[in-house]
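start.tsv (TSV, C-alpha atoms) appears below.
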chain	number	residue	atom	x	y	z
A	1	MET	CA	-31.52	-16.62	-27.30
A	2	LYS	CA	-32.85	-20.10	-26.62
A	3	ASP	CA	-35.23	-20.41	-23.66
A	4	LYS	CA	-34.53	-22.77	-20.77
A	5	GLN	CA	-37.38	-25.26	-20.78
A	6	PHE	CA	-38.98	-26.78	-17.68
A	7	LYS	CA	-37.75	-30.32	-16.97
A	8	ASN	CA	-39.75	-32.73	-14.83
A	9	LEU	CA	-38.08	-34.97	-12.26
A	10	ASP	CA	-37.62	-37.87	-14.67
A	11	GLU	CA	-35.98	-35.58	-17.21
A	12	GLN	CA	-33.72	-34.11	-14.54
A	13	ILE	CA	-32.59	-37.61	-13.59
A	14	GLU	CA	-31.86	-38.40	-17.23
A	15	ILE	CA	-29.72	-35.26	-17.60
A	16	PHE	CA	-27.63	-36.28	-14.60
A	17	LYS	CA	-27.23	-39.83	-15.96
A	18	TYR	CA	-26.37	-38.54	-19.43
A	19	LYS	CA	-23.52	-36.56	-17.89
A	20	GLY	CA	-22.20	-39.68	-16.19
A	21	LEU	CA	-23.63	-39.40	-12.67
A	22	THR	CA	-24.40	-42.75	-11.05
A	23	ILE	CA	-27.93	-42.88	-9.61
A	24	GLU	CA	-28.80	-46.19	-8.00
A	25	ASP	CA	-31.99	-45.13	-6.21
A	26	GLU	CA	-33.96	-42.95	-8.60
A	27	GLU	CA	-36.92	-42.50	-6.27
A	28	TYR	CA	-34.62	-41.17	-3.56
A	29	ALA	CA	-32.96	-38.85	-6.08
A	30	LYS	CA	-36.35	-37.55	-7.25
A	31	ASP	CA	-37.40	-36.83	-3.68
A	32	VAL	CA	-34.19	-34.88	-3.08
A	33	LEU	CA	-34.57	-32.94	-6.32
A	34	LEU	CA	-38.17	-32.05	-5.50
A	35	ARG	CA	-37.23	-30.73	-2.08
A	36	GLU	CA	-33.88	-29.15	-2.87
A	37	ASN	CA	-34.21	-27.92	-6.49
A	38	TYR	CA	-32.22	-29.29	-9.44
A	39	PHE	CA	-30.68	-25.89	-10.17
A	40	PHE	CA	-29.25	-25.51	-6.66
A	41	LEU	CA	-27.95	-29.06	-6.47
A	42	ASN	CA	-26.43	-28.88	-9.93
A	43	GLY	CA	-24.38	-25.89	-8.76
A	44	TYR	CA	-22.15	-28.29	-6.82
A	45	ARG	CA	-21.19	-30.43	-9.83
A	46	HIS	CA	-17.88	-28.74	-10.73
A	47	LEU	CA	-15.60	-30.61	-8.31
A	48	PHE	CA	-16.89	-33.92	-9.66
A	49	MET	CA	-16.53	-33.16	-13.37
A	50	LYS	CA	-13.85	-33.60	-15.99
A	51	ASP	CA	-14.31	-32.64	-19.64
A	52	LYS	CA	-17.97	-31.77	-18.97
A	53	LYS	CA	-18.68	-35.28	-17.67
A	54	TYR	CA	-18.83	-36.59	-14.12
A	55	ILE	CA	-15.71	-38.43	-12.99
A	56	GLU	CA	-16.35	-42.15	-13.39
A	57	GLY	CA	-18.04	-43.58	-10.32
A	58	THR	CA	-19.39	-40.29	-9.01
A	59	THR	CA	-22.70	-40.92	-7.27
A	60	PHE	CA	-25.76	-38.79	-6.65
A	61	GLU	CA	-25.17	-39.29	-2.93
A	62	GLU	CA	-21.72	-37.69	-3.22
A	63	LEU	CA	-23.13	-34.67	-5.01
A	64	TYR	CA	-25.85	-34.31	-2.39
A	65	SER	CA	-23.29	-34.76	0.42
A	66	LEU	CA	-21.34	-31.73	-0.83
A	67	PHE	CA	-24.59	-29.79	-1.05
A	68	ILE	CA	-25.46	-30.70	2.57
A	69	PHE	CA	-21.92	-29.96	3.74
A	70	ASP	CA	-22.09	-26.48	2.25
A	71	ARG	CA	-25.47	-25.82	3.87
A	72	GLN	CA	-24.20	-26.86	7.30
A	73	PHE	CA	-20.89	-25.06	6.80
A	74	ARG	CA	-22.78	-21.92	5.75
A	75	ASN	CA	-24.87	-22.10	8.94
A	76	VAL	CA	-21.74	-22.37	11.10
A	77	ILE	CA	-20.07	-19.43	9.37
A	78	PHE	CA	-23.27	-17.37	9.46
A	79	LYS	CA	-23.81	-17.67	13.19
A	80	ASN	CA	-20.22	-16.60	13.84
A	81	LEU	CA	-20.54	-13.66	11.45
A	82	LEU	CA	-23.66	-12.57	13.34
A	83	ILE	CA	-21.63	-12.60	16.57
A	84	ILE	CA	-19.00	-10.42	14.91
A	85	GLU	CA	-21.66	-8.11	13.50
A	86	ASN	CA	-23.24	-7.66	16.93
A	87	ASN	CA	-19.83	-7.06	18.54
A	88	ILE	CA	-18.85	-4.46	15.95
A	89	LYS	CA	-22.16	-2.61	16.26
A	90	SER	CA	-21.86	-2.61	20.05
A	91	ILE	CA	-18.28	-1.34	20.07
A	92	ILE	CA	-18.87	1.39	17.48
A	93	SER	CA	-22.06	2.60	19.16
A	94	TYR	CA	-20.32	2.66	22.56
A	95	GLN	CA	-17.39	4.67	21.22
A	96	LEU	CA	-19.53	7.24	19.41
A	97	SER	CA	-22.22	7.54	22.11
A	98	ARG	CA	-19.62	8.04	24.83
A	99	LYS	CA	-17.88	10.74	22.84
A	100	TYR	CA	-20.62	12.53	20.90
A	101	GLY	CA	-23.89	11.87	22.71
A	102	TYR	CA	-26.74	9.39	22.55
A	103	LYS	CA	-29.38	11.33	20.59
A	104	GLU	CA	-29.38	11.18	16.79
A	105	LYS	CA	-29.19	15.00	16.60
A	106	ASP	CA	-25.88	14.71	18.44
A	107	TYR	CA	-24.19	11.56	17.09
A	108	LEU	CA	-25.20	12.22	13.47
A	109	LYS	CA	-23.54	15.63	13.21
A	110	PRO	CA	-21.18	15.80	10.18
A	111	LYS	CA	-18.43	17.28	12.36
A	112	ASN	CA	-18.23	13.98	14.25
A	113	PHE	CA	-16.80	12.30	11.16
A	114	ASP	CA	-13.63	12.53	9.06
A	115	SER	CA	-12.84	16.10	8.01
A	116	ASN	CA	-11.21	15.01	4.73
A	117	PRO	CA	-12.92	17.08	1.97
A	118	GLU	CA	-12.99	14.02	-0.30
A	119	LYS	CA	-15.21	12.19	2.19
A	120	GLN	CA	-17.79	14.91	2.78
A	121	LYS	CA	-20.25	13.67	0.16
A	122	GLN	CA	-19.98	10.11	1.46
A	123	ILE	CA	-20.53	11.38	5.00
A	124	GLY	CA	-23.61	13.34	3.94
A	125	ASP	CA	-25.01	10.35	2.07
A	126	LEU	CA	-24.43	8.00	5.01
A	127	ILE	CA	-26.04	10.36	7.53
A	128	SER	CA	-29.05	10.57	5.19
A	129	LYS	CA	-29.22	6.76	5.05
A	130	MET	CA	-29.10	6.51	8.83
A	131	LYS	CA	-31.77	9.19	9.29
A	132	ARG	CA	-33.89	7.31	6.79
A	133	GLN	CA	-33.47	4.19	8.89
A	134	VAL	CA	-34.71	6.16	11.91
A	135	ARG	CA	-37.82	7.22	9.97
A	136	VAL	CA	-38.49	3.83	8.38
A	137	ASN	CA	-37.72	1.59	11.33
A	138	GLY	CA	-38.77	3.88	14.13
A	139	SER	CA	-42.23	2.37	14.39
A	140	GLN	CA	-41.53	-1.09	12.94
A	141	HIS	CA	-39.20	-2.45	15.62
A	142	SER	CA	-40.12	-2.76	19.26
A	143	ALA	CA	-36.84	-1.34	20.57
A	144	THR	CA	-36.81	1.74	18.31
A	145	SER	CA	-40.54	2.40	18.71
A	146	HIS	CA	-40.13	2.15	22.50
A	147	TYR	CA	-37.50	4.88	22.55
A	148	ILE	CA	-39.39	7.12	20.14
A	149	SER	CA	-42.63	6.76	22.10
A	150	ASN	CA	-41.08	7.20	25.53
A	151	TYR	CA	-38.08	9.42	24.92
A	152	GLY	CA	-38.50	11.00	21.48
A	153	TYR	CA	-35.17	9.78	20.12
A	154	ILE	CA	-33.30	6.56	19.26
A	155	PRO	CA	-29.90	6.02	20.90
A	156	LEU	CA	-27.18	4.78	18.56
A	157	TRP	CA	-26.84	1.55	20.55
A	158	VAL	CA	-30.47	0.83	19.66
A	159	LEU	CA	-30.33	2.16	16.11
A	160	VAL	CA	-27.48	-0.20	15.16
A	161	LYS	CA	-29.92	-3.05	15.70
A	162	VAL	CA	-31.71	-2.08	12.49
A	163	LEU	CA	-28.70	-0.88	10.49
A	164	SER	CA	-27.27	-3.23	7.90
A	165	PHE	CA	-23.74	-4.54	8.31
A	166	GLY	CA	-22.92	-2.68	5.10
A	167	ILE	CA	-23.97	0.69	6.54
A	168	VAL	CA	-22.06	0.05	9.77
A	169	SER	CA	-18.91	-0.93	7.88
A	170	GLU	CA	-19.20	2.20	5.75
A	171	MET	CA	-19.68	4.26	8.91
A	172	PHE	CA	-16.40	2.94	10.28
A	173	SER	CA	-14.56	4.00	7.11
A	174	ILE	CA	-15.59	7.67	7.56
A	175	LEU	CA	-15.03	8.01	11.30
A	176	LYS	CA	-12.33	10.32	12.57
A	177	LEU	CA	-8.96	8.60	12.66
A	178	GLU	CA	-8.84	8.81	16.45
A	179	ASP	CA	-12.13	6.91	16.68
A	180	ARG	CA	-11.04	4.28	14.15
A	181	ILE	CA	-7.84	3.78	16.15
A	182	ALA	CA	-9.75	3.45	19.44
A	183	ILE	CA	-12.08	0.82	17.95
A	184	SER	CA	-9.27	-1.04	16.19
A	185	LYS	CA	-7.23	-1.31	19.39
A	186	ILE	CA	-10.01	-3.36	20.95
A	187	TYR	CA	-9.46	-5.91	18.18
A	188	LYS	CA	-5.69	-5.40	18.12
A	189	VAL	CA	-5.89	-4.78	14.37
A	190	ASP	CA	-4.61	-1.86	12.31
A	191	PRO	CA	-7.45	0.61	11.45
A	192	ASP	CA	-6.87	0.36	7.69
A	193	VAL	CA	-6.77	-3.44	7.87
A	194	LEU	CA	-10.01	-3.49	9.86
A	195	ALA	CA	-11.62	-1.13	7.34
A	196	ASN	CA	-10.73	-3.64	4.61
A	197	TYR	CA	-12.13	-6.54	6.64
A	198	PHE	CA	-15.58	-5.04	7.14
A	199	PRO	CA	-16.80	-5.14	3.50
A	200	ILE	CA	-15.52	-8.71	3.19
A	201	LEU	CA	-17.45	-9.69	6.31
A	202	ALA	CA	-20.56	-7.91	5.07
A	203	ASN	CA	-20.30	-9.68	1.71
A	204	TYR	CA	-20.03	-13.13	3.31
A	205	ARG	CA	-22.80	-12.31	5.77
A	206	ASN	CA	-25.15	-11.49	2.91
A	207	LEU	CA	-24.05	-14.54	0.92
A	208	CYS	CA	-24.86	-16.77	3.88
A	209	ALA	CA	-28.19	-15.05	4.51
A	210	HIS	CA	-29.25	-15.68	0.90
A	211	GLU	CA	-28.03	-19.30	0.97
A	212	ASP	CA	-25.67	-18.95	-1.97
A	213	ILE	CA	-22.86	-21.47	-2.56
A	214	LEU	CA	-20.23	-20.70	0.06
A	215	PHE	CA	-17.44	-23.29	0.10
A	216	GLU	CA	-15.78	-22.18	-3.15
A	217	ASN	CA	-16.59	-18.48	-2.99
A	218	LYS	CA	-13.84	-15.98	-3.75
A	219	THR	CA	-14.01	-12.28	-2.93
A	220	GLN	CA	-12.96	-9.33	-5.06
A	221	ARG	CA	-11.02	-7.92	-2.13
A	222	SER	CA	-7.88	-9.60	-0.81
A	223	ILE	CA	-6.58	-9.32	2.72
A	224	GLU	CA	-3.02	-8.31	3.47
A	225	ASN	CA	-0.44	-10.89	4.46
A	226	THR	CA	-0.63	-11.68	8.17
A	227	MET	CA	1.49	-13.47	10.73
A	228	TYR	CA	-1.01	-16.31	10.50
A	229	HIS	CA	0.03	-16.94	6.89
A	230	LYS	CA	3.64	-17.10	8.03
A	231	LEU	CA	3.15	-19.15	11.19
A	232	LEU	CA	1.00	-21.73	9.39
A	233	LYS	CA	3.70	-21.92	6.67
A	234	ILE	CA	1.22	-21.51	3.84
A	235	ASP	CA	2.82	-22.25	0.47
A	236	MET	CA	3.73	-19.39	-1.84
A	237	ILE	CA	3.93	-19.03	-5.61
A	238	ASP	CA	5.78	-15.99	-7.00
A	239	ASP	CA	5.98	-14.55	-3.46
A	240	GLU	CA	2.18	-14.75	-3.06
A	241	TYR	CA	0.42	-16.99	-0.57
A	242	ILE	CA	-1.77	-19.51	-2.41
A	243	TYR	CA	-4.33	-19.68	0.41
A	244	GLY	CA	-5.84	-17.14	2.76
A	245	LYS	CA	-5.97	-14.09	0.51
A	246	ASN	CA	-9.43	-13.84	-1.12
A	247	ASP	CA	-10.86	-17.24	-0.25
A	248	LEU	CA	-12.67	-18.79	2.70
A	249	PHE	CA	-9.48	-19.25	4.66
A	250	ALA	CA	-8.98	-15.50	4.41
A	251	LEU	CA	-12.37	-15.22	6.11
A	252	ILE	CA	-11.22	-17.66	8.81
A	253	ILE	CA	-8.12	-15.50	9.36
A	254	ILE	CA	-10.35	-12.44	9.77
A	255	ILE	CA	-12.64	-14.29	12.17
A	256	LYS	CA	-9.60	-15.44	14.17
A	257	GLN	CA	-8.73	-11.80	14.82
A	258	LEU	CA	-12.23	-10.66	15.75
A	259	LEU	CA	-13.63	-13.45	17.94
A	260	THR	CA	-12.41	-14.78	21.27
A	261	ASP	CA	-10.06	-17.76	21.45
A	262	GLY	CA	-12.88	-19.93	22.78
A	263	GLU	CA	-15.21	-18.95	19.96
A	264	VAL	CA	-12.54	-19.69	17.36
A	265	LYS	CA	-11.81	-23.11	18.89
A	266	ASN	CA	-15.52	-23.97	18.76
A	267	LEU	CA	-15.70	-22.81	15.15
A	268	VAL	CA	-12.75	-25.00	14.17
A	269	ILE	CA	-14.21	-28.03	15.95
A	270	GLU	CA	-17.53	-27.60	14.15
A	271	ILE	CA	-15.87	-27.27	10.74
A	272	GLN	CA	-13.64	-30.29	11.41
A	273	HIS	CA	-16.71	-32.36	12.22
A	274	LEU	CA	-18.43	-31.31	9.00
A	275	LEU	CA	-15.34	-32.07	6.92
A	276	GLU	CA	-14.98	-35.51	8.52
A	277	ASN	CA	-18.60	-36.32	7.65
A	278	LEU	CA	-18.09	-35.14	4.09
A	279	GLU	CA	-14.85	-37.13	3.71
A	280	TYR	CA	-16.69	-40.27	4.79
A	281	ASN	CA	-19.23	-39.79	1.98
A	282	LEU	CA	-16.76	-38.96	-0.79
A	283	LYS	CA	-15.61	-41.78	-3.07
A	284	SER	CA	-14.70	-40.30	-6.45
A	285	ILE	CA	-12.71	-37.31	-5.15
A	286	SER	CA	-10.60	-36.71	-2.04
A	287	ILE	CA	-11.33	-34.26	0.75
A	288	ASP	CA	-8.09	-32.49	-0.23
A	289	LYS	CA	-9.77	-31.40	-3.46
A	290	VAL	CA	-12.57	-29.80	-1.43
A	291	LEU	CA	-10.09	-28.12	0.93
A	292	ASP	CA	-8.16	-26.73	-2.03
A	293	ARG	CA	-11.33	-25.28	-3.53
A	294	MET	CA	-12.14	-23.70	-0.17
A	295	GLY	CA	-8.67	-22.19	0.05
A	296	PHE	CA	-7.90	-24.22	3.19
A	297	PRO	CA	-4.32	-25.44	3.70
A	298	LYS	CA	-4.10	-28.99	5.04
A	299	ASN	CA	-3.14	-27.68	8.49
A	300	TRP	CA	-5.89	-25.03	8.50
A	301	TYR	CA	-7.21	-26.16	11.92
A	302	GLU	CA	-3.95	-25.11	13.60
A	303	ILE	CA	-5.15	-21.50	13.39
A	304	ALA	CA	-7.18	-22.15	16.55
A	305	ASP	CA	-3.96	-22.49	18.56
A	306	VAL	CA	-1.80	-19.91	16.78
A	307	ASN	CA	-1.47	-16.63	18.68
A	308	VAL	CA	0.15	-13.42	17.54
A	309	THR	CA	1.57	-10.96	20.07
A	310	PHE	CA	0.22	-7.45	19.67
A	311	GLU	CA	2.51	-4.56	20.56
A	312	GLU	CA	1.01	-1.23	21.58
A	313	ASP	CA	2.30	1.83	19.74
Any chance you could put this one into structure tokens?
Amino acid sequence: MKDKQFKNLDEQIEIFKYKGLTIEDEEYAKDVLLRENYFFLNGYRHLFMKDKKYIEGTTFEELYSLFIFDRQFRNVIFKNLLIIENNIKSIISYQLSRKYGYKEKDYLKPKNFDSNPEKQKQIGDLISKMKRQVRVNGSQHSATSHYISNYGYIPLWVLVKVLSFGIVSEMFSILKLEDRIAISKIYKVDPDVLANYFPILANYRNLCAHEDILFENKTQRSIENTMYHKLLKIDMIDDEYIYGKNDLFALIIIIKQLLTDGEVKNLVIEIQHLLENLEYNLKSISIDKVLDRMGFPKNWYEIADVNVTFEED
């Protein structure tokens, strides 16, 4: 296998130019490449390429604009995912603490979880992970060390602070049905649907935290059809919605159901602003091409004002 050789800034510029990218200010481009990394910037090339060459007229500034857009978009999504993560941890810890007790010897009893024999190993493994978190994080975080030092235990509402979103989402999947229903009713979402949402949220949360490319990310999991797909009149091919299934608009649909109306409106306004800035800087491609890659229908912003009536069972 041939090794990838180090390329200096001049060589990186030449590679871009060889592939048809227009670079008018090479010193500016070198400064950007030094600060941002050729590899990361090059990851945004696909929308601008045709037959392995940049579309005629594509500029370095356009490429960098998409890079900056994704960074800012990622930050907006990340802060909203952190709100959701905090909400979910708070609601789950409240439900379990109220019902089973606030000491780990009480709330971590296997009998507090699903009695399905097929889930017993998963339950045992998860309880072990959580107990490990108590041991590892007990003295490393001020909140947990405070409770251990002063009370000799860590309440679940404190422990969730140091649990990963992945562990919390797995915890939800093995709760008793009655507890999953109680938590889901707060969000007005079916328990099985919510259980499917959590791993998707955790995946995007980790993607944002590690600053991976976000705008064109697709997930392995798809969400079920919702009333939002129908009310926004998203196009279908072979009875399948073309947007909002395993793309970023699917994430927006999930967020719509888990945040308050005000939070969703603010999110939409922030994304609109970022898209307007990007559109201004694009010359060789249209903003519609970006929206399509994101999985956003043209009327995506209307989701802020679309409301679905929830009927109690």
Compile the contact shell of A:Asn206 as a VMD selection string: residues with an atom at most 12 Å away, counting all atoms listed in the file, same-chain residues fewer than 3 positions apart removed.
chain A and resid 74 77 to 78 81 to 82 85 164 to 166 199 to 203 209 to 214
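Closest to A:Lys19 among A:Asp239, A:Asp31, A:Glu36, A:Asp51 is A:Asp51, based on only C-alpha atoms.
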Next item on the list: Determine, counting only C-alpha atoms, which protein, DNA and RNA residues have an atom within 12 Å of an atom of stretch 113-124 of chain A; residues of the same chain fewer than 3 positions away are not included. Present the result as a list of chain:residue names.
Entry: A:Leu96, A:Lys99, A:Tyr100, A:Asp106, A:Tyr107, A:Leu108, A:Lys109, A:Pro110, A:Ile127, A:Ser128, A:Lys129, A:Met130, A:Lys131, A:Ile167, A:Glu170, A:Met171, A:Phe172, A:Ser173, A:Ile174, A:Leu175, A:Lys176, A:Leu177, A:Glu178, A:Asp179, A:Arg180
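Atom CA of A:Ile84 sits 18.6 Å away from atom CA of A:Thr219.
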Within 12 Å of stretch 288-297 of chain A, which residues of stretch 19-110 of chain A come that close, and what is the closest atom pair and distance in Å for each? Count only C-alpha atoms and give it as a Markdown table.
| residue | atom | partner | partner_atom | distance |
| --- | --- | --- | --- | --- |
| A:Tyr44 | CA | A:Val290 | CA | 11.1 |
| A:His46 | CA | A:Arg293 | CA | 10.3 |
| A:Leu47 | CA | A:Val290 | CA | 7.6 |
| A:Phe48 | CA | A:Lys289 | CA | 9.8 |
| A:Ser65 | CA | A:Val290 | CA | 12.0 |
| A:Leu66 | CA | A:Val290 | CA | 9.0 |
| A:Phe69 | CA | A:Val290 | CA | 10.7 |
| A:Asp70 | CA | A:Met294 | CA | 10.6 |
| A:Phe73 | CA | A:Met294 | CA | 11.3 |
If we count all atoms listed in the file and set the cut-off at 6 Å, which residues sit around A:Leu9, ignoring sequence neighbours fewer than 2 positions away in its own chain? Please answer as a PyMOL selection string.
chain A and resi 11-12+30
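Comparing A:Asn75, A:Asn86, A:Asn225, A:Ser286 by their smallest distance to A:Leu163, the closest is A:Asn86 (using only C-alpha atoms).
Atom CA of A:Phe249 to atom CA of A:Ile55 spans 26.8 Å [interatomic distance, one decimal].
From atom CA of A:Ile92 back to atom CA of A:Ile154, the distance works out to 15.4 Å.
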Next on the checklist: With only C-alpha atoms as the counted atoms, please give the residues lying no more than 8 Å from A:Ser90, apart from itself and same-chain residues fewer than 3 positions off, as number ranges by chain.
Outcome noted: A: 86-87, 93-94, 157, 160
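Among the candidates A:Ile223, A:Thr58, A:Leu275, A:Met236, the one nearest to A:Ile252 when counting only C-alpha atoms is A:Ile223.
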Just want the 12 Å neighbourhood of stretch 140-147 of chain A, counted on only C-alpha atoms, with same-chain residues fewer than 3 positions away dropped. Output as a ChimeraX atom specification. /A:102-104,133-137,150-163
